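Source file: my_file-v5.cif. Holds: mmCIF, C-alpha atoms and all ligand atoms.
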```cif
data_work
loop_
_atom_site.group_PDB
_atom_site.id
_atom_site.type_symbol
_atom_site.label_atom_id
_atom_site.label_comp_id
_atom_site.auth_asym_id
_atom_site.auth_seq_id
_atom_site.Cartn_x
_atom_site.Cartn_y
_atom_site.Cartn_z
ATOM 1 C CA MET A 1 154.669 49.788 61.796
ATOM 2 C CA ASN A 2 156.281 46.808 63.572
ATOM 3 C CA LYS A 3 159.057 44.781 62.012
ATOM 4 C CA VAL A 4 158.029 41.272 60.870
ATOM 5 C CA VAL A 5 159.791 37.959 61.573
ATOM 6 C CA LEU A 6 158.971 34.528 60.165
ATOM 7 C CA VAL A 7 160.011 31.589 62.373
ATOM 8 C CA THR A 8 159.649 28.237 60.637
ATOM 9 C CA GLY A 9 158.789 25.416 63.041
ATOM 10 C CA GLY A 10 157.738 28.102 65.519
ATOM 11 C CA SER A 11 155.033 26.110 67.280
ATOM 12 C CA ARG A 12 157.191 24.221 69.769
ATOM 13 C CA GLY A 13 160.595 24.099 71.463
ATOM 14 C CA ILE A 14 163.292 26.473 70.255
ATOM 15 C CA GLY A 15 161.110 28.005 67.519
ATOM 16 C CA LYS A 16 158.371 28.913 69.983
ATOM 17 C CA ALA A 17 160.946 30.530 72.310
ATOM 18 C CA ILE A 18 162.321 32.512 69.350
ATOM 19 C CA GLY A 19 158.826 33.724 68.421
ATOM 20 C CA LEU A 20 158.109 34.824 71.996
ATOM 21 C CA TYR A 21 161.501 36.554 72.270
ATOM 22 C CA PHE A 22 160.911 38.598 69.092
ATOM 23 C CA ALA A 23 157.346 39.420 70.205
ATOM 24 C CA HIS A 24 158.730 40.716 73.531
ATOM 25 C CA HIS A 25 160.986 42.971 71.483
ATOM 26 C CA GLY A 26 158.172 44.465 69.416
ATOM 27 C CA TYR A 27 158.085 42.292 66.290
ATOM 28 C CA ASP A 28 154.962 40.992 64.602
ATOM 29 C CA VAL A 29 155.658 37.254 64.546
ATOM 30 C CA VAL A 30 154.615 34.682 61.951
ATOM 31 C CA ILE A 31 155.043 31.123 63.168
ATOM 32 C CA ASN A 32 154.990 28.251 60.729
ATOM 33 C CA TYR A 33 154.259 24.642 61.645
ATOM 34 C CA GLN A 34 153.615 21.412 59.804
ATOM 35 C CA GLY A 35 151.057 19.245 61.570
ATOM 36 C CA ASN A 36 150.601 19.802 65.309
ATOM 37 C CA GLU A 37 147.663 22.243 65.183
ATOM 38 C CA GLN A 38 147.113 22.295 68.950
ATOM 39 C CA ALA A 39 150.722 23.257 69.741
ATOM 40 C CA ALA A 40 150.621 25.954 67.046
ATOM 41 C CA GLN A 41 147.360 27.420 68.440
ATOM 42 C CA THR A 42 148.841 27.571 71.935
ATOM 43 C CA ALA A 43 152.085 29.197 70.770
ATOM 44 C CA CYS A 44 150.213 31.665 68.573
ATOM 45 C CA GLN A 45 147.893 32.686 71.441
ATOM 46 C CA GLN A 46 150.882 33.378 73.710
ATOM 47 C CA ILE A 47 152.621 35.397 71.001
ATOM 48 C CA ARG A 48 149.439 37.331 70.124
ATOM 49 C CA SER A 49 148.993 38.314 73.785
ATOM 50 C CA LEU A 50 152.247 40.269 73.267
ATOM 51 C CA GLN A 51 151.816 41.277 69.600
ATOM 52 C CA PRO A 52 148.162 40.953 68.466
ATOM 53 C CA ASN A 53 149.024 41.322 64.778
ATOM 54 C CA SER A 54 150.967 38.031 64.797
ATOM 55 C CA MET A 55 149.769 34.932 62.964
ATOM 56 C CA MET A 56 150.436 31.263 62.245
ATOM 57 C CA ILE A 57 150.749 29.534 58.857
ATOM 58 C CA LYS A 58 150.580 25.794 58.257
ATOM 59 C CA GLY A 59 152.992 24.481 55.622
ATOM 60 C CA ASP A 60 155.728 21.972 54.953
ATOM 61 C CA VAL A 61 159.060 23.783 54.475
ATOM 62 C CA SER A 62 160.268 21.001 52.173
ATOM 63 C CA ASN A 63 157.368 21.629 49.765
ATOM 64 C CA ALA A 64 158.114 24.458 47.300
ATOM 65 C CA GLN A 65 154.424 25.283 46.746
ATOM 66 C CA ASP A 66 153.703 25.494 50.500
ATOM 67 C CA VAL A 67 156.743 27.744 50.941
ATOM 68 C CA LYS A 68 155.740 30.071 48.102
ATOM 69 C CA GLU A 69 152.189 30.367 49.476
ATOM 70 C CA MET A 70 153.548 31.085 52.961
ATOM 71 C CA PHE A 71 155.680 34.000 51.740
ATOM 72 C CA ASP A 72 152.831 35.297 49.528
ATOM 73 C CA THR A 73 150.536 35.288 52.584
ATOM 74 C CA ILE A 74 153.094 37.241 54.606
ATOM 75 C CA MET A 75 153.578 39.851 51.884
ATOM 76 C CA ASP A 76 149.797 40.214 51.380
ATOM 77 C CA ARG A 77 149.269 40.722 55.109
ATOM 78 C CA TYR A 78 152.307 42.819 56.134
ATOM 79 C CA GLY A 79 153.947 43.978 52.898
ATOM 80 C CA ARG A 80 157.401 43.321 54.366
ATOM 81 C CA LEU A 81 159.658 40.686 55.934
ATOM 82 C CA ASP A 82 162.522 41.850 58.143
ATOM 83 C CA VAL A 83 163.838 38.579 59.566
ATOM 84 C CA LEU A 84 163.662 34.937 58.497
ATOM 85 C CA VAL A 85 164.581 32.277 61.064
ATOM 86 C CA ASN A 86 164.940 28.823 59.494
ATOM 87 C CA ASN A 87 164.264 26.716 62.562
ATOM 88 C CA ALA A 88 162.016 23.840 61.362
ATOM 89 C CA GLY A 89 163.903 20.588 61.745
ATOM 90 C CA ILE A 90 163.547 16.881 62.423
ATOM 91 C CA THR A 91 165.701 13.931 63.463
ATOM 92 C CA ARG A 92 165.469 10.309 62.280
ATOM 93 C CA ASP A 93 168.372 8.809 64.198
ATOM 94 C CA GLY A 94 169.903 5.410 63.491
ATOM 95 C CA LEU A 95 173.232 3.736 62.986
ATOM 96 C CA PHE A 96 174.619 4.292 59.489
ATOM 97 C CA LEU A 97 174.583 0.703 58.196
ATOM 98 C CA ARG A 98 170.940 0.282 59.170
ATOM 99 C CA MET A 99 169.758 3.727 58.078
ATOM 100 C CA LYS A 100 166.869 3.648 55.609
ATOM 101 C CA GLU A 101 167.155 5.821 52.512
ATOM 102 C CA LYS A 102 163.878 7.558 53.440
ATOM 103 C CA ASP A 103 165.241 8.504 56.864
ATOM 104 C CA PHE A 104 168.203 10.130 55.118
ATOM 105 C CA THR A 105 166.214 11.989 52.470
ATOM 106 C CA ASP A 106 163.418 13.147 54.826
ATOM 107 C CA VAL A 107 165.953 14.797 57.122
ATOM 108 C CA ILE A 108 167.848 16.413 54.241
ATOM 109 C CA ASP A 109 164.576 17.572 52.642
ATOM 110 C CA ILE A 110 163.214 19.294 55.738
ATOM 111 C CA ASN A 111 166.399 20.554 57.412
ATOM 112 C CA LEU A 112 168.455 21.542 54.351
ATOM 113 C CA LYS A 113 166.149 21.837 51.332
ATOM 114 C CA GLY A 114 163.550 23.581 53.519
ATOM 115 C CA THR A 115 166.183 26.144 54.512
ATOM 116 C CA PHE A 116 167.130 26.604 50.838
ATOM 117 C CA LEU A 117 163.502 27.117 49.735
ATOM 118 C CA CYS A 118 162.744 29.638 52.494
ATOM 119 C CA CYS A 119 166.048 31.510 51.977
ATOM 120 C CA GLN A 120 165.286 31.837 48.262
ATOM 121 C CA GLN A 121 161.835 33.347 48.842
ATOM 122 C CA ALA A 122 163.129 35.634 51.611
ATOM 123 C CA SER A 123 166.167 36.792 49.618
ATOM 124 C CA ARG A 124 163.940 38.000 46.763
ATOM 125 C CA ILE A 125 161.847 40.055 49.197
ATOM 126 C CA MET A 126 164.844 41.391 51.148
ATOM 127 C CA LEU A 127 166.739 42.382 47.993
ATOM 128 C CA ARG A 128 163.658 44.295 46.784
ATOM 129 C CA GLN A 129 163.149 46.076 50.101
ATOM 130 C CA LYS A 130 166.938 46.599 50.483
ATOM 131 C CA SER A 131 167.026 45.266 54.047
ATOM 132 C CA GLY A 132 166.628 42.083 56.010
ATOM 133 C CA SER A 133 168.419 39.400 57.965
ATOM 134 C CA ILE A 134 168.406 35.591 57.919
ATOM 135 C CA VAL A 135 169.336 33.239 60.768
ATOM 136 C CA ASN A 136 169.546 29.476 60.157
ATOM 137 C CA LEU A 137 169.500 26.748 62.805
ATOM 138 C CA SER A 138 172.450 24.417 62.489
ATOM 139 C CA SER A 139 173.723 22.163 65.301
ATOM 140 C CA VAL A 140 176.941 21.060 66.977
ATOM 141 C CA ALA A 141 176.271 17.774 65.148
ATOM 142 C CA GLY A 142 176.909 19.622 61.883
ATOM 143 C CA ILE A 143 180.307 20.763 63.167
ATOM 144 C CA SER A 144 181.627 17.738 65.087
ATOM 145 C CA GLY A 145 179.442 14.937 63.709
ATOM 146 C CA ASN A 146 177.496 12.565 65.958
ATOM 147 C CA ALA A 147 177.266 8.773 65.911
ATOM 148 C CA GLY A 148 173.738 7.724 64.967
ATOM 149 C CA GLN A 149 173.053 11.020 63.196
ATOM 150 C CA THR A 150 174.772 10.820 59.799
ATOM 151 C CA ASN A 151 171.586 12.142 58.162
ATOM 152 C CA TYR A 152 171.044 14.946 60.676
ATOM 153 C CA ALA A 153 174.727 15.944 60.853
ATOM 154 C CA SER A 154 174.900 16.057 57.029
ATOM 155 C CA SER A 155 171.853 18.329 56.913
ATOM 156 C CA LYS A 156 173.230 20.655 59.591
ATOM 157 C CA ALA A 157 176.712 20.809 58.012
ATOM 158 C CA GLY A 158 174.891 21.639 54.766
ATOM 159 C CA VAL A 159 173.084 24.480 56.529
ATOM 160 C CA ILE A 160 176.460 25.960 57.472
ATOM 161 C CA GLY A 161 177.707 25.771 53.862
ATOM 162 C CA LEU A 162 174.479 27.326 52.617
ATOM 163 C CA THR A 163 174.663 30.085 55.263
ATOM 164 C CA LYS A 164 178.249 31.066 54.416
ATOM 165 C CA SER A 165 177.708 30.960 50.642
ATOM 166 C CA LEU A 166 174.502 32.999 50.777
ATOM 167 C CA ALA A 167 176.177 35.439 53.189
ATOM 168 C CA ARG A 168 178.825 36.041 50.516
ATOM 169 C CA GLU A 169 176.163 36.559 47.825
ATOM 170 C CA LEU A 170 174.115 39.038 49.882
ATOM 171 C CA ALA A 171 176.835 40.904 51.814
ATOM 172 C CA SER A 172 177.233 43.708 49.275
ATOM 173 C CA ARG A 173 173.489 44.404 49.688
ATOM 174 C CA HIS A 174 173.955 44.552 53.496
ATOM 175 C CA ILE A 175 171.698 41.558 54.150
ATOM 176 C CA CYS A 176 173.211 39.412 56.925
ATOM 177 C CA VAL A 177 173.001 35.614 56.830
ATOM 178 C CA ASN A 178 174.158 33.784 59.946
ATOM 179 C CA ALA A 179 173.650 30.501 61.779
ATOM 180 C CA VAL A 180 173.396 29.354 65.362
ATOM 181 C CA ALA A 181 174.663 25.931 66.370
ATOM 182 C CA PRO A 182 172.858 24.775 69.504
ATOM 183 C CA GLY A 183 174.295 21.965 71.594
ATOM 184 C CA PHE A 184 171.958 19.990 73.819
ATOM 185 C CA ILE A 185 168.742 21.953 74.430
ATOM 186 C CA THR A 186 165.707 20.695 76.370
ATOM 187 C CA THR A 187 162.829 20.353 73.861
ATOM 188 C CA ASP A 188 160.554 17.578 72.532
ATOM 189 C CA MET A 189 163.431 16.624 70.193
ATOM 190 C CA THR A 190 165.808 15.793 73.051
ATOM 191 C CA LEU A 191 163.120 14.560 75.478
ATOM 192 C CA ALA A 192 162.607 11.729 72.967
ATOM 193 C CA LEU A 193 166.027 10.344 73.997
ATOM 194 C CA SER A 194 166.341 7.781 76.795
ATOM 195 C CA ASP A 195 167.456 8.998 80.239
ATOM 196 C CA SER A 196 170.791 7.174 79.884
ATOM 197 C CA VAL A 197 171.601 8.802 76.509
ATOM 198 C CA ARG A 198 170.524 12.215 77.820
ATOM 199 C CA ASN A 199 172.632 11.880 80.996
ATOM 200 C CA ALA A 200 175.656 10.720 78.979
ATOM 201 C CA MET A 201 175.360 13.755 76.729
ATOM 202 C CA ILE A 202 174.987 16.198 79.619
ATOM 203 C CA ALA A 203 178.078 14.676 81.273
ATOM 204 C CA GLN A 204 180.102 15.749 78.211
ATOM 205 C CA ILE A 205 179.000 19.398 78.404
ATOM 206 C CA PRO A 206 181.504 21.609 80.252
ATOM 207 C CA TRP A 207 178.526 23.626 81.620
ATOM 208 C CA LYS A 208 177.109 20.318 83.036
ATOM 209 C CA GLN A 209 173.543 21.288 82.122
ATOM 210 C CA ALA A 210 171.295 21.153 79.080
ATOM 211 C CA GLY A 211 170.542 24.537 77.538
ATOM 212 C CA LYS A 212 167.117 26.180 77.458
ATOM 213 C CA PRO A 213 165.260 27.220 74.280
ATOM 214 C CA GLN A 214 165.498 30.824 75.535
ATOM 215 C CA ASP A 215 169.324 30.625 75.413
ATOM 216 C CA VAL A 216 169.087 29.930 71.678
ATOM 217 C CA ALA A 217 166.379 32.573 71.159
ATOM 218 C CA GLN A 218 168.639 35.245 72.650
ATOM 219 C CA ALA A 219 171.475 34.344 70.251
ATOM 220 C CA VAL A 220 169.138 34.306 67.235
ATOM 221 C CA TYR A 221 167.761 37.735 68.167
ATOM 222 C CA PHE A 222 171.279 39.116 68.595
ATOM 223 C CA LEU A 223 172.383 37.910 65.150
ATOM 224 C CA ALA A 224 169.154 39.017 63.458
ATOM 225 C CA ASN A 225 169.631 42.537 64.776
ATOM 226 C CA SER A 226 173.384 42.840 64.219
ATOM 227 C CA GLN A 227 175.091 44.829 61.511
ATOM 228 C CA TYR A 228 178.419 43.823 59.955
ATOM 229 C CA ILE A 229 178.276 40.252 61.308
ATOM 230 C CA THR A 230 177.612 37.834 58.454
ATOM 231 C CA GLY A 231 178.512 34.243 57.577
ATOM 232 C CA HIS A 232 179.019 33.561 61.282
ATOM 233 C CA VAL A 233 178.122 30.358 63.171
ATOM 234 C CA LEU A 234 177.388 31.151 66.803
ATOM 235 C CA HIS A 235 177.654 28.177 69.159
ATOM 236 C CA VAL A 236 175.070 27.997 71.963
ATOM 237 C CA ASP A 237 176.258 24.845 73.640
ATOM 238 C CA GLY A 238 177.645 25.334 77.166
ATOM 239 C CA GLY A 239 181.152 24.863 75.792
ATOM 240 C CA MET A 240 180.522 21.497 74.059
ATOM 241 C CA CYS A 241 182.245 22.488 70.855
ATOM 242 C CA MET A 242 185.313 24.718 71.131
HETATM 243 N N1 LIG A 301 166.859 20.562 70.743
HETATM 244 C C1 LIG A 301 168.173 20.523 70.532
HETATM 245 O O1 LIG A 301 168.951 20.092 71.383
HETATM 246 C C2 LIG A 301 168.754 21.059 69.238
HETATM 247 C C3 LIG A 301 170.155 21.062 69.097
HETATM 248 C C4 LIG A 301 170.709 21.553 67.936
HETATM 249 C C5 LIG A 301 169.900 22.032 66.922
HETATM 250 N N2 LIG A 301 168.551 22.005 67.059
HETATM 251 C C6 LIG A 301 167.746 22.511 65.944
HETATM 252 O O2 LIG A 301 166.864 23.519 66.387
HETATM 253 C C7 LIG A 301 165.652 23.474 65.624
HETATM 254 C C8 LIG A 301 164.454 23.339 66.559
HETATM 255 O O3 LIG A 301 164.595 22.155 67.319
HETATM 256 P P1 LIG A 301 163.586 21.758 68.501
HETATM 257 O O4 LIG A 301 164.345 20.906 69.426
HETATM 258 O O5 LIG A 301 162.879 22.963 69.011
HETATM 259 O O6 LIG A 301 162.557 20.835 67.687
HETATM 260 P P2 LIG A 301 161.080 20.341 68.073
HETATM 261 O O7 LIG A 301 160.760 20.658 69.492
HETATM 262 O O8 LIG A 301 160.989 18.936 67.597
HETATM 263 O O9 LIG A 301 160.145 21.284 67.137
HETATM 264 C C9 LIG A 301 160.267 21.190 65.735
HETATM 265 C C10 LIG A 301 159.422 22.249 65.076
HETATM 266 O O10 LIG A 301 159.614 22.119 63.648
HETATM 267 C C11 LIG A 301 158.344 21.973 63.011
HETATM 268 N N3 LIG A 301 158.467 21.173 61.800
HETATM 269 C C12 LIG A 301 158.913 19.899 61.663
HETATM 270 N N4 LIG A 301 158.897 19.526 60.379
HETATM 271 C C13 LIG A 301 158.420 20.587 59.670
HETATM 272 C C14 LIG A 301 158.178 20.840 58.297
HETATM 273 N N5 LIG A 301 158.399 19.898 57.357
HETATM 274 N N6 LIG A 301 157.687 22.055 57.928
HETATM 275 C C15 LIG A 301 157.437 23.007 58.857
HETATM 276 N N7 LIG A 301 157.662 22.838 60.191
HETATM 277 C C16 LIG A 301 158.152 21.639 60.582
HETATM 278 C C17 LIG A 301 157.448 21.348 64.068
HETATM 279 O O11 LIG A 301 156.087 21.589 63.730
HETATM 280 P P3 LIG A 301 154.910 20.522 64.147
HETATM 281 O O12 LIG A 301 154.763 20.654 65.630
HETATM 282 O O13 LIG A 301 153.704 20.986 63.409
HETATM 283 O O14 LIG A 301 155.416 19.178 63.723
HETATM 284 C C18 LIG A 301 157.925 22.095 65.311
HETATM 285 O O15 LIG A 301 157.341 23.378 65.371
HETATM 286 C C19 LIG A 301 165.800 22.304 64.654
HETATM 287 O O16 LIG A 301 166.275 22.782 63.404
HETATM 288 C C20 LIG A 301 166.865 21.443 65.317
HETATM 289 O O17 LIG A 301 167.547 20.644 64.400
HETATM 290 C C21 LIG A 301 167.958 21.527 68.197
#
```

Written as structure tokens, how would this file's structure read?
Amino acid sequence: MNKVVLVTGGSRGIGKAIGLYFAHHGYDVVINYQGNEQAAQTACQQIRSLQPNSMMIKGDVSNAQDVKEMFDTIMDRYGRLDVLVNNAGITRDGLFLRMKEKDFTDVIDINLKGTFLCCQQASRIMLRQKSGSIVNLSSVAGISGNAGQTNYASSKAGVIGLTKSLARELASRHICVNAVAPGFITTDMTLALSDSVRNAMIAQIPWKQAGKPQDVAQAVYFLANSQYITGHVLHVDGGMCM
């Protein structure tokens, strides 16, 4: 029987690359998405060409009922969950003084509360089955901060605090909880930036290039399959943050 991974926000960008990477390595992959049905269908088809028993589940990670139903569906179908990757995330950038309350709370709800809700469901399953691994997507913004991203940076710093605290709670049961902190990766999220902002950011990266979703996928897979590494934040950022 194959191992099973759930990748939230697995229909596009980094999440899709993570799903494909795990499928290449023999996992049955469950991708979650919120609204873009077409992108999810395409990602799921590509993943199923590698692992036919894979599936997609629509659901909002910030909604407790959606999250519960998603984990119930996975347990009904596979009876196990080996890896959870909390990847779903959004940005609502804006300068602090002009930031709307909704743009703050939406980002916290999806990026941080969504990670909390999924970790809670996964922890129950992993404690029962006495195995499992969780990898959360943070960001260099959560480590260094970023002008125009007080909401996003707060959510991603929160993900690091959650990761380290949960790692401490689950370590004695040998369940690893880690995070990756990507720098500037080419996806829809960063393609939304203007050319001038994108070029200015790339100029600050010692590697002098944006990263690829596959670079992050490789790091997530490494952490998910490691033993004795827990509470760690692995930077995947071309040297941006050191
Ligand atoms: N790209 C970067 O440079 C970068 C850098 C650092 C960290 N990160 C982090 O890496 C993760 C992936 O980023 P990305 O660039 O690949 O993003 P992306 O291309 O914008 O894709 C976001 C994914 O999240 C899903 N999603 C959004 N809101 C959701 C919700 N409420 N419930 C469930 N799924 C939801 C989207 O589904 P739909 O298509 O259905 O909306 C999509 O699959 C995020 O956590 C991001 O913060 C990215």

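Among the candidate residues A:Leu50, A:Leu112, A:Leu95, A:Ala179, the one lying nearest to Gln149 in chain A is A:Leu95, with distances computed using only C-alpha atoms.
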
Could you list, as a count of residues only, all the residues within 7 Å of ligand LIG 301 (chain A), counting all atoms listed in the file? 40

I would like the residues chosen by the PyMOL selection byres (((chain A and resi 205) around 10) and not hetatm) on the shown file; could you give them as a list in words?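 Evaluating the PyMOL selection byres (((chain A and resi 205) around 10) and not hetatm) on this file yields Gly183, Phe184, Ala200, Met201, Ile202, Ala203, Gln204, Pro206, Trp207, Lys208, Gln209, Ala210, Gly211, Asp237, Gly238, Gly239, Met240 and Cys241 of chain A.
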
Determine the residue membership of the PyMOL selection byres (((chain A and resi 53-57) around 10) and not hetatm) for the file above and supply it as an mmCIF file with C-alpha atoms, in the frame of the given file.
```
data_model
loop_
_atom_site.group_PDB
_atom_site.id
_atom_site.type_symbol
_atom_site.label_atom_id
_atom_site.label_comp_id
_atom_site.auth_asym_id
_atom_site.auth_seq_id
_atom_site.Cartn_x
_atom_site.Cartn_y
_atom_site.Cartn_z
ATOM 1 C CA ASN A 2 156.281 46.808 63.572
ATOM 2 C CA VAL A 4 158.029 41.272 60.870
ATOM 3 C CA VAL A 5 159.791 37.959 61.573
ATOM 4 C CA LEU A 6 158.971 34.528 60.165
ATOM 5 C CA VAL A 7 160.011 31.589 62.373
ATOM 6 C CA THR A 8 159.649 28.237 60.637
ATOM 7 C CA GLY A 9 158.789 25.416 63.041
ATOM 8 C CA GLY A 10 157.738 28.102 65.519
ATOM 9 C CA SER A 11 155.033 26.110 67.280
ATOM 10 C CA GLY A 19 158.826 33.724 68.421
ATOM 11 C CA ALA A 23 157.346 39.420 70.205
ATOM 12 C CA TYR A 27 158.085 42.292 66.290
ATOM 13 C CA ASP A 28 154.962 40.992 64.602
ATOM 14 C CA VAL A 29 155.658 37.254 64.546
ATOM 15 C CA VAL A 30 154.615 34.682 61.951
ATOM 16 C CA ILE A 31 155.043 31.123 63.168
ATOM 17 C CA ASN A 32 154.990 28.251 60.729
ATOM 18 C CA TYR A 33 154.259 24.642 61.645
ATOM 19 C CA GLN A 34 153.615 21.412 59.804
ATOM 20 C CA GLU A 37 147.663 22.243 65.183
ATOM 21 C CA ALA A 40 150.621 25.954 67.046
ATOM 22 C CA GLN A 41 147.360 27.420 68.440
ATOM 23 C CA ALA A 43 152.085 29.197 70.770
ATOM 24 C CA CYS A 44 150.213 31.665 68.573
ATOM 25 C CA GLN A 45 147.893 32.686 71.441
ATOM 26 C CA ILE A 47 152.621 35.397 71.001
ATOM 27 C CA ARG A 48 149.439 37.331 70.124
ATOM 28 C CA SER A 49 148.993 38.314 73.785
ATOM 29 C CA LEU A 50 152.247 40.269 73.267
ATOM 30 C CA GLN A 51 151.816 41.277 69.600
ATOM 31 C CA PRO A 52 148.162 40.953 68.466
ATOM 32 C CA LYS A 58 150.580 25.794 58.257
ATOM 33 C CA GLY A 59 152.992 24.481 55.622
ATOM 34 C CA ASP A 60 155.728 21.972 54.953
ATOM 35 C CA ASP A 66 153.703 25.494 50.500
ATOM 36 C CA GLU A 69 152.189 30.367 49.476
ATOM 37 C CA MET A 70 153.548 31.085 52.961
ATOM 38 C CA PHE A 71 155.680 34.000 51.740
ATOM 39 C CA THR A 73 150.536 35.288 52.584
ATOM 40 C CA ILE A 74 153.094 37.241 54.606
ATOM 41 C CA ARG A 77 149.269 40.722 55.109
ATOM 42 C CA TYR A 78 152.307 42.819 56.134
#
```

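Taking only C-alpha atoms into account, Gly132 in chain A lies nearest to A:His174 out of the set A:Lys68, A:Lys16, A:His232, A:His174.
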
Just give me the residues with any atom within 7 Å of (170.2, 30.0, 59.0), file coordinates, counting only C-alpha atoms, written as a list in words.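 Collected hits near the coordinates: Val85, Asn86, Ile134, Val135, Asn136, Leu137, Ser138, Val159, Thr163, Val177, Asn178 and Ala179 of chain A.
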
Just the number, please: distance in Å from CA of Leu127 in chain A to CA of Ile160 in chain A, one decimal.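 We find that CA of Leu127 in chain A and CA of Ile160 in chain A lie 21.3 Å from each other.
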
Residue nearest Phe222 in chain A among A:Ile18, A:Lys113, A:Ala171, A:Gly145 (counting only C-alpha atoms):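 Checking each candidate against Phe222 in chain A, we get A:Ile18 as the closest.
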
Closest to Gly231 in chain A among A:Lys164, A:Lys156, A:Lys102, A:Arg173, using only C-alpha atoms? A:Lys164

Run the PyMOL selection byres (((chain A and resi 218) around 12) and not hetatm) against the file shown and list the residues it catches, as a list in words.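 After applying the PyMOL selection byres (((chain A and resi 218) around 12) and not hetatm), what remains is Ile14, Gly15, Ala17, Ile18, Gly19, Leu20, Tyr21, Phe22, His24, His25, Val180, Pro182, Gly211, Lys212, Pro213, Gln214, Asp215, Val216, Ala217, Ala219, Val220, Tyr221, Phe222, Leu223, Ala224, Asn225, Leu234, His235 and Val236 of chain A.
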
So how far away is CA of Gln129 in chain A from CA of Ala64 in chain A, in Å?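 Computing the Euclidean distance for CA of Ala64 in chain A and CA of Gln129 in chain A yields 22.4 Å.
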
Adding 6 Å on each side of the box along x, y and z that holds all listed atoms of range 188-195 of chain A, could you give its centre and edge lengths in Å to one decimal, as JSON?
```
{"center_x": 164.0, "center_y": 12.7, "center_z": 75.2, "size_x": 18.9, "size_y": 21.8, "size_z": 22.0}
```

Determine the nearest neighbour of Asp72 in chain A from the options A:Thr105, A:Ala122, A:Gly26, A:Arg98, counting only C-alpha atoms. A:Ala122

For CA of Ser196 in chain A and CA of Val107 in chain A, quote the distance in Å rounded to one decimal.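 So the two atoms, CA of Ser196 in chain A and CA of Val107 in chain A, lie 24.5 Å apart.
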
Nearest residue to Met99 in chain A out of A:Ala147, A:Leu81, A:Ala192, A:Leu162, using only C-alpha atoms?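 Under the stated criterion, the closest residue is A:Ala147.
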